[in-house]
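Below is one structure, written out as structure tokens, with a few remarks after it.
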Amino acid sequence: MALITGLCTFLYHLPQIYKWLLKPYYMSSLFMTVAFLVVRKAPGLCEHLATQREDGNSCDFDWRELEILMFLSAIVMMKNRRAITLEQHVGNLFLFSKVANVVLFFRLDIRLGILYLALCVAFLMTCKPPLYMGPEYIKYFSDKTIDEELQRDSRVTWIVEFYANWSSDCQSFAPVFADLSLKYNCPGLKFGKVDIGRYGDISERFKVSTSPLSKQLPSLVLFQEGREVIRRPMVDNKKRAVSWTFNEENIIREFNLNELFQKSKKLNKGRGLKEEQSGVQPLEVTDELHSETNNLEHPTESKKDQ
């Protein structure tokens, strides 16, 4: 049953996986993930490798290698229990497979271990995960625009994500936050992002640590009338984030997005009635108008620039 479920999931996400394989980052990660398997099974090469098998077959895994691979599978399964998106599942697989391959190569031949470790370091320095570039209704702040936008209109509620481009958790959360912005964005409820890895003063001012040990990235903060109301994840006395899962259901529940969205719609209707009474023709708010307004108000910096 588990095999059938896994196969159905793979077929369902096959178009997305195919797009990934066209990107250098995922192609290189896939190659490095299966590197030991290729070396151990490659005809003409595996015959010259060392082995601890009783039958002396150097083209098959020995008992210690099987133990390491089984331990790798268990670790990936445990980590993927908290994964939200398919990118996180695949990212965990790539990460822990590389760690296991380092151990396997060093155990097989120290020269191969050094070579593979050097490739891992080169890959880490040169290849970066591709940023999410899909549709969204999100405004990107800088250190000069965030205060002005949050305090411009006291009737507008802002949900702001504090993130860093180097954080894999932030990259995995990007499509989730973008999807929420598409569903709930309106003139009274807006979504914003600020790269605190780029603007360190914002990190200090809003007390969001960029340290990987603090586990505060990403952080979601709800602002009303320019003041912070809700923050997730919460931070304890030791300035460490309390464990919290960044999925769509948790965010909708914790931030009361459905209720906020309904109040924002009523605010827009009330604003339209006042304009009619004053003799001003209200503008129709459509998705196209949102998109155009979003593009006009977008700061000069873009996701590619960041």
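Residues in the structure tokens are numbered from 1 in each chain, the chains being A, B, ... in the order shown, and ligands are numbered from 1 in the order shown.
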Within 12 Å of Asn101 (chain A) using only C-alpha atoms, minus same-chain residues under 5 positions, as a PyMOL selection string: chain A and resi 31-40+65+68-69+72+93-96+106-109+112-117+119-120
Pick out the residues sitting within 10 Å of Lys207 (chain A), and hand them over as number ranges by chain; count only C-alpha atoms, and ignore anything fewer than 5 positions along from it in its own chain. A: 201-202, 216, 235, 239
Which of region 100-246 of chain A counts as strand (DSSP E) under DSSP, as a PyMOL selection string please? chain A and resi 138-141+157-163+189-195+219-224+227-232
Would you pick out the contacts of Gly200 (chain A) at 12 Å or less, using only C-alpha atoms, so that residues sharing its chain but fewer than 3 positions from it are not included, and give the list as a list of chain:residue names? A:Ser142, A:Asp143, A:Phe162, A:Tyr163, A:Ala164, A:Val194, A:Asp195, A:Ile196, A:Gly197, A:Ser203, A:Glu204, A:Arg205, A:Phe206, A:Lys207, A:Val208, A:Ser209, A:Thr210, A:Ser211
Option closest in space to Tyr25 (chain A), from A:Phe177, A:Phe223, A:Phe61, A:Phe123 [counting only C-alpha atoms]: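 Comparing A:Phe177, A:Phe223, A:Phe61, A:Phe123 against Tyr25 (chain A), the winner is A:Phe123.
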Distance of CA of Arg81 (chain A) from CA of Arg64 (chain A), expressed in Å to one decimal place: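 Interatomic distance, CA of Arg64 (chain A) to CA of Arg81 (chain A): 26.3 Å.
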From a backbone DSSP assignment, name each residue in region 41-179 of chain A labelled alpha helix (DSSP H), as an MDAnalysis selection string. chainID A and resid 41 63:80 86:108 110:126 146:152 168:179
Restricting the output to C-alpha atoms, write the selected residues as a CSV table (one decimal), in the first residue's frame.
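Contents of the output file result_17.csv:
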chain,number,residue,atom,x,y,z
A,41,LYS,CA,27.4,-0.5,-9.7
A,63,TRP,CA,26.6,-5.3,5.1
A,64,ARG,CA,28.0,-2.1,6.5
A,65,GLU,CA,26.9,-0.1,3.5
A,66,LEU,CA,23.4,-1.5,3.8
A,67,GLU,CA,23.3,-0.4,7.4
A,68,ILE,CA,24.3,3.2,6.4
A,69,LEU,CA,21.7,3.3,3.7
A,70,MET,CA,19.0,2.0,6.0
A,71,PHE,CA,19.9,4.6,8.6
A,72,LEU,CA,19.8,7.2,5.9
A,73,SER,CA,16.3,6.1,4.9
A,74,ALA,CA,15.1,6.3,8.6
A,75,ILE,CA,16.6,9.8,9.0
A,76,VAL,CA,14.9,11.1,5.8
A,77,MET,CA,11.6,9.7,6.8
A,78,MET,CA,11.8,11.3,10.3
A,79,LYS,CA,12.7,14.7,8.8
A,80,ASN,CA,10.0,14.5,6.1
A,86,LEU,CA,7.6,18.8,-2.1
A,87,GLU,CA,10.7,21.0,-2.2
A,88,GLN,CA,11.3,20.3,1.4
A,89,HIS,CA,10.9,16.5,1.0
A,90,VAL,CA,13.4,16.5,-1.9
A,91,GLY,CA,15.7,18.9,-0.1
A,92,ASN,CA,15.9,16.6,2.9
A,93,LEU,CA,16.7,13.7,0.6
A,94,PHE,CA,19.5,15.5,-1.2
A,95,LEU,CA,21.0,16.8,2.0
A,96,PHE,CA,21.2,13.6,4.0
A,97,SER,CA,22.1,11.6,0.9
A,98,LYS,CA,25.2,13.7,0.5
A,99,VAL,CA,26.2,13.3,4.1
A,100,ALA,CA,25.8,9.5,3.8
A,101,ASN,CA,27.8,9.5,0.5
A,102,VAL,CA,30.7,11.3,2.2
A,103,VAL,CA,30.8,8.5,4.9
A,104,LEU,CA,30.5,5.8,2.3
A,105,PHE,CA,33.2,7.2,0.0
A,106,PHE,CA,35.7,7.7,2.8
A,107,ARG,CA,35.0,4.1,4.0
A,108,LEU,CA,35.5,2.8,0.5
A,110,ILE,CA,40.0,7.9,1.2
A,111,ARG,CA,40.9,9.4,-2.1
A,112,LEU,CA,37.3,9.1,-3.4
A,113,GLY,CA,36.1,10.5,-0.1
A,114,ILE,CA,38.3,13.6,-0.4
A,115,LEU,CA,37.3,14.0,-4.1
A,116,TYR,CA,33.6,13.8,-3.2
A,117,LEU,CA,33.9,16.2,-0.2
A,118,ALA,CA,35.6,18.7,-2.5
A,119,LEU,CA,32.8,18.4,-5.0
A,120,CYS,CA,30.3,19.0,-2.2
A,121,VAL,CA,32.1,22.1,-1.0
A,122,ALA,CA,32.3,23.4,-4.6
A,123,PHE,CA,28.6,22.7,-5.1
A,124,LEU,CA,27.7,24.5,-1.9
A,125,MET,CA,29.7,27.6,-2.9
A,126,THR,CA,28.6,27.8,-6.6
A,146,ILE,CA,9.0,49.2,5.7
A,147,ASP,CA,8.1,51.8,8.4
A,148,GLU,CA,6.4,54.1,5.9
A,149,GLU,CA,4.2,51.3,4.5
A,150,LEU,CA,3.2,49.8,7.9
A,151,GLN,CA,2.1,53.2,9.2
A,152,ARG,CA,0.7,54.7,6.0
A,168,SER,CA,16.3,26.6,3.0
A,169,ASP,CA,13.3,26.9,5.2
A,170,CYS,CA,12.5,30.3,3.8
A,171,GLN,CA,12.9,29.1,0.3
A,172,SER,CA,10.5,26.1,1.0
A,173,PHE,CA,8.0,28.4,2.6
A,174,ALA,CA,7.9,30.9,-0.3
A,175,PRO,CA,5.3,29.2,-2.4
A,176,VAL,CA,3.0,28.7,0.7
A,177,PHE,CA,3.2,32.4,1.5
A,178,ALA,CA,2.6,33.3,-2.1
A,179,ASP,CA,-0.5,31.1,-2.3
Kindly indicate which residue among A:Thr157, A:Asn250, A:Ser29, A:Ser58 lies nearest to Leu45 (chain A), using only C-alpha atoms for the distances.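 Smallest distance to Leu45 (chain A) is found for A:Ser58.
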